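J.: After the structure tokens below, expect a handful of questions from me.
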Amino acid sequence: MTSLLETINDPADLRRLARAQLRPLADELRAFVLDSVSKTGGHLSSNLGTVELTVALHYVFNTPYDRLVWDVGHQTYPHKILTGRRERMKTLRQLGGLSGFPQRAESEYDTFGTAHSGTSISAALGMALAARQKGEDRHAVAIIGDGAMSGGMAFEALNNAGVADGKLLVILNDNDMSISPPVGALNRYLAQLMSGRFYDAAKNVGKQVLRAAPPLFELAKRLEQHAKGMVVPATLFEQFGFNYIGPIDGHDLDALIPTLENIRHLKGPQFLHVVTKKGQGYKLAEADPVAYHGPGKFDPLVGLQKPSTPARQTFTQVFGQWLCDMAEKDPRLVGITPAMREGSGLVEFEKRFPGRYYDVGIAEQHSVTFAAGLACEGLKPVLAIYSTFLQRGYDQLIHDVAIQNLPVVLALDRAGIVGADGATHAGAYDIAFLRCVPNMSVACPADENECRALLTTAFEQNGPVAVRYPRGAGAGVATEPGLASLPFGKGEIRRRAARNPADSGKGIALIVFGTLLYPALQAAEKLNATVVNMRWAKPLDVELLLQVAADHEALVTLEDGAVMGGAGSAVTETLNAAGVLKPVLQLGLPDKFIEHGDPARLMALQGLDAAGIEKSTRNRFPALCLPGRQALKSVA
């Protein structure tokens, strides 16, 4: 017997179903999402929470003619499944497969590419006003989570949208509260009533009549706000110029569909508040939506299990332990995160130092300036932020931190390629955009122990310092106890090339920034190359660099960031300034957005594994990479 879901190849098929079939379809869709994500890994809790909302939106609105703009995008798996990508879900977040986020190139139903929060209202408003300008009778719907509403960009868009005349609907997907059955039933009735054309017309006529008697009009306005305020937080959004409707149960199709159908006929910007539950329909995810936010592969019948063998320590864990240890030593330390407590490793810090922990919400710009304000008063703020999210606070970093030369430590997690989340989450640009800012310093630890030591070094400075490190585990180097630091702005030679007196040349030096040190060491064994662990992209260890340049015929720079303007560029700038003419091969991330996939595979495709480094070096400097030379290891 064919399931309902198997008959849905696009939303037009969905709209041909009877209303009574939508509930069983939603149940099948939820089961499919759970089964699919358990096999591929990916975002789970948020997608289980948007099943009914997705069904209702595609059922009521004429997609893709009507535009749906999903905020962040990790709640769009049901949307992908209903828009012709059901069979491709087995490729989710894999190289060449479906993205975990909306992508315009992937489907006409993905009207706007998203992965960072707070963008949906701005984009949907642009679409709504473009439709009006072109004379097209289409709706634009922004679906934004309550967490994303903590970002300033969402309110900037609301402020603009409230005075614009477009067919815009903003849906607040509030998944931080639950609705008890009695309240849900009452809200369903009121939402349908307040979204109906009769209520809307009566309200407008009443206002016109009462305007002739200002005292009565003001009294009626207050009574309306008071009556709605008893069941909804309406007045905030109505002050922006929206007609507020809700809150309604986001899992109740009998509430969602009539309300959305009524809203389609209303004029002006509309704001619908729906309440959903993360992990809805899967008890384990309902009980712990954080753990099931982005799980790997697992058995749905068993749930997430701890690995039988302990996993290697990740850089995030190294940072979290260091933060607690340094906070124990220095009472001035405060930890800040823009809504990434778990992802950035601050869970233990919050437990042990709650008075010194600040989660500012999804507000990256604010987090940077907030850190600057703390630093002005003699505290030592450590801002734990993903490299890709710091891009949103770049203006604040320059004007509020760097110009004032304030001692803020930026712990940049997810530097380099991140894997399954793809281009939107890659930390490819931090070296390039940080090293051009005066007063900024940038550390690039090669392994876990060096990460801990360089965090201490950064904390000891009196100006802003960023310490960048990748997602996941490193080379497996154990961290040493204590809070020892490393020399500021100084690198080291990790391997020296063997020298044959019969050779006229001086060989090659690999100049490495960050975790590419270990594949570089492997490649150097076959190339007979010197390997330099620079540790700092800024300030560059000029003395060491010039010494190495003088002792070698050619240099190869290595970094897991953008080549354009990156650490390799810093090397060539330094050599040019010193009047040193040496051939330099710069290896790093190319001038393109790198898609999602397994991180190791992606690095290999960019030629940044040991084999790729050897191949690129041999191709560029074949005469300097003669086989058979004996290696001579030396650790400086």
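Naming works like this for the structure tokens: A, B, ... for the chains as they're shown, residue 1 at the start of each chain, ligands 1 onward in shown order.
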Tell me, which residues of range 532-578 of chain A carry DSSP strand (DSSP E or B), written as an mmCIF file with C-alpha atoms, in the first residue's frame?
T.:
```cif
data_model
loop_
_atom_site.group_PDB
_atom_site.id
_atom_site.type_symbol
_atom_site.label_atom_id
_atom_site.label_comp_id
_atom_site.auth_asym_id
_atom_site.auth_seq_id
_atom_site.Cartn_x
_atom_site.Cartn_y
_atom_site.Cartn_z
ATOM 1 C CA VAL A 532 58.624 25.712 10.113
ATOM 2 C CA ASN A 533 55.757 25.959 12.603
ATOM 3 C CA TRP A 536 51.429 33.321 14.549
ATOM 4 C CA ALA A 537 49.933 34.811 11.396
ATOM 5 C CA LYS A 538 50.314 38.212 13.033
ATOM 6 C CA ALA A 554 62.255 28.090 -2.225
ATOM 7 C CA LEU A 555 59.409 28.410 0.246
ATOM 8 C CA VAL A 556 55.966 26.824 0.431
ATOM 9 C CA THR A 557 53.364 28.416 2.711
ATOM 10 C CA LEU A 558 50.532 26.301 4.125
ATOM 11 C CA GLU A 559 47.298 27.422 5.781
ATOM 12 C CA ASP A 560 43.717 26.159 6.140
ATOM 13 C CA GLY A 561 42.336 29.574 5.245
ATOM 14 C CA ALA A 562 41.854 31.662 2.124
#
```
J.: Residues of range 112-180 of chain A that have any atom at most 7 Å from an atom of range 357-366 of chain A: could you tabulate them with the shortest-distance atom pair and the distance in Å to one decimal, using only C-alpha atoms, ordered by chain and increasing number, as a tab-separated table?
T.:
```
residue	atom	partner	partner_atom	distance
A:Gly147	CA	A:Ile362	CA	6.7
A:Ala148	CA	A:Ile362	CA	6.1
A:Ser150	CA	A:Ile362	CA	5.6
A:Gly151	CA	A:Ala363	CA	4.7
A:Gly152	CA	A:Ala363	CA	6.6
```
J.: Would you list, as a PyMOL selection string, the residues of range 358-554 of chain A that end up in alpha helix (DSSP H) under DSSP run on this structure's backbone?
T.: chain A and resi 364-376+387-390+394-396+430-435+448-460+517-527+542-551
J.: List every residue of range 312-380 of chain A that has an atom at most 9 Å from any atom of range 446-454 of chain A, and for each one report the closest atom pair and its distance in Å to one decimal, counting only C-alpha atoms, with rows sorted by chain and then by increasing residue number, as CSV.
T.:
```
residue,atom,partner,partner_atom,distance
A:Gln313,CA,A:Glu448,CA,8.0
A:Thr314,CA,A:Glu448,CA,7.6
A:Phe315,CA,A:Glu448,CA,6.0
A:Val318,CA,A:Arg452,CA,6.5
A:Phe319,CA,A:Arg452,CA,6.8
A:Gln321,CA,A:Arg452,CA,8.8
A:Trp322,CA,A:Arg452,CA,6.3
```
J.: Of the candidates A:Leu172, A:Val37, A:Val55, A:Ala623, which one gets nearest to Gly507 in chain A if we count only C-alpha atoms?
T.: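 Using only C-alpha atoms, the shortest distance to Gly507 in chain A belongs to A:Ala623.
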J.: Which of these residues is nearest to Gln21 in chain A, using only C-alpha atoms: A:Met534, A:Leu253, A:Lys167, A:Leu57?
T.: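 Smallest distance to Gln21 in chain A is found for A:Leu253.
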J.: When you look at Asp551 in chain A with a cut-off of 12 Å (counting only C-alpha atoms), what residues show up, excluding the ones that are within fewer than 2 positions of it in the same chain? I need them as a ChimeraX atom specification.
T.: /A:496-497,499,505-509,529-530,544-549,553-555,580,582
J.: One number please: CA of Leu256 in chain A to CA of Ala56 in chain A, in Å, one decimal.
T.: 6.4 Å
J.: Which residue, A:Leu5, A:Leu260, A:Leu48, A:Leu284, has the smallest gap to Ile81 in chain A when you use only C-alpha atoms?
T.: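 Closest candidate: A:Leu5.
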J.: Please, what distance in Å, to one decimal, runs between CA of Val141 in chain A and CA of Thr91 in chain A?
T.: 27.8 Å
J.: Hey, what's within 10 Å of Ala426 in chain A if we count only C-alpha atoms and toss same-chain stuff fewer than 5 positions away? As a PyMOL selection string, please?
T.: chain A and resi 386-389+414-421+470-471+561+593-596
J.: Which neighbours of Asp137 in chain A fall inside 12 Å, counting only C-alpha atoms, when residues of the same chain fewer than 2 positions from it are skipped, and could you give them as a PyMOL selection string?
T.: chain A and resi 62+65-67+127-135+139-140+166-168+264-265+267
J.: Can you pull out the residues contacting Phe112 in chain A? Cut-off 8 Å, using only C-alpha atoms, and skip same-chain residues under 5 positions away; I want them as a list in words.
T.: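 In the requested form, the answer reads Val69, Trp70, Pro102, Gln103, Arg104 and Ala123 of chain A.
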J.: Just give me the gap between CA of Ile403 in chain A and CA of Pro438 in chain A in Å, one decimal is fine.
T.: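 For CA of Ile403 in chain A relative to CA of Pro438 in chain A, the distance reads 7.5 Å.
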J.: Considering only C-alpha atoms, return as a PDB file with N, CA, C and O atoms, in the first residue's frame whatever protein or nucleic-acid residues lie within 8 Å of Leu608 in chain A, sequence-local ones (same chain, fewer than 3 positions apart) excluded.
T.:
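Wrote result_5.pdb, looks like this:
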```pdb
ATOM      1  N   LEU A 516      47.890  22.268   9.758  1.00  0.00           N
ATOM      2  CA  LEU A 516      48.509  21.636   8.596  1.00  0.00           C
ATOM      3  C   LEU A 516      49.957  21.253   8.870  1.00  0.00           C
ATOM      4  O   LEU A 516      50.616  20.643   8.018  1.00  0.00           O
ATOM      5  N   PRO A 519      50.308  17.130   8.466  1.00  0.00           N
ATOM      6  CA  PRO A 519      50.467  16.634   7.089  1.00  0.00           C
ATOM      7  C   PRO A 519      51.712  17.188   6.414  1.00  0.00           C
ATOM      8  O   PRO A 519      52.324  16.513   5.574  1.00  0.00           O
ATOM      9  N   ASP A 560      45.071  26.661   6.410  1.00  0.00           N
ATOM     10  CA  ASP A 560      43.717  26.159   6.140  1.00  0.00           C
ATOM     11  C   ASP A 560      42.739  27.322   6.085  1.00  0.00           C
ATOM     12  O   ASP A 560      41.616  27.246   6.573  1.00  0.00           O
ATOM     13  N   LEU A 587      49.934  27.659  -0.607  1.00  0.00           N
ATOM     14  CA  LEU A 587      48.898  26.638  -0.579  1.00  0.00           C
ATOM     15  C   LEU A 587      47.893  26.957   0.521  1.00  0.00           C
ATOM     16  O   LEU A 587      48.280  27.296   1.639  1.00  0.00           O
ATOM     17  N   GLY A 588      46.634  26.845   0.181  1.00  0.00           N
ATOM     18  CA  GLY A 588      45.559  27.122   1.135  1.00  0.00           C
ATOM     19  C   GLY A 588      44.231  26.929   0.431  1.00  0.00           C
ATOM     20  O   GLY A 588      44.137  26.218  -0.576  1.00  0.00           O
ATOM     21  N   MET A 603      39.576  18.505   2.369  1.00  0.00           N
ATOM     22  CA  MET A 603      40.963  18.983   2.439  1.00  0.00           C
ATOM     23  C   MET A 603      41.817  18.312   1.363  1.00  0.00           C
ATOM     24  O   MET A 603      42.664  18.955   0.732  1.00  0.00           O
ATOM     25  N   ALA A 604      41.575  17.025   1.152  1.00  0.00           N
ATOM     26  CA  ALA A 604      42.328  16.316   0.118  1.00  0.00           C
ATOM     27  C   ALA A 604      42.020  16.896  -1.263  1.00  0.00           C
ATOM     28  O   ALA A 604      42.921  17.031  -2.109  1.00  0.00           O
ATOM     29  N   LEU A 605      40.754  17.235  -1.511  1.00  0.00           N
ATOM     30  CA  LEU A 605      40.376  17.805  -2.801  1.00  0.00           C
ATOM     31  C   LEU A 605      41.036  19.162  -3.041  1.00  0.00           C
ATOM     32  O   LEU A 605      41.227  19.574  -4.185  1.00  0.00           O
ATOM     33  N   ALA A 611      49.610  13.994   0.844  1.00  0.00           N
ATOM     34  CA  ALA A 611      49.866  13.659  -0.560  1.00  0.00           C
ATOM     35  C   ALA A 611      49.733  14.881  -1.458  1.00  0.00           C
ATOM     36  O   ALA A 611      50.528  15.078  -2.395  1.00  0.00           O
ATOM     37  N   GLY A 612      48.726  15.712  -1.183  1.00  0.00           N
ATOM     38  CA  GLY A 612      48.526  16.903  -1.996  1.00  0.00           C
ATOM     39  C   GLY A 612      49.647  17.910  -1.833  1.00  0.00           C
ATOM     40  O   GLY A 612      50.065  18.558  -2.809  1.00  0.00           O
ATOM     41  N   ILE A 613      50.118  18.069  -0.598  1.00  0.00           N
ATOM     42  CA  ILE A 613      51.220  19.002  -0.347  1.00  0.00           C
ATOM     43  C   ILE A 613      52.477  18.543  -1.092  1.00  0.00           C
ATOM     44  O   ILE A 613      53.168  19.340  -1.734  1.00  0.00           O
TER      45      ILE A 613
END
```
J.: Restricting the calculation to only C-alpha atoms, which member of A:Gly597, A:Pro464, A:Pro445, A:Gly345 is positioned closest to Lys380 in chain A?
T.: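 For Lys380 in chain A, the nearest of the candidates is A:Pro464.
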J.: Here is a test: counting only C-alpha atoms, which residue of A:Lys80, A:Arg86, A:Lys277, A:His552 is nearest to Ser99 in chain A?
T.: A:Lys80
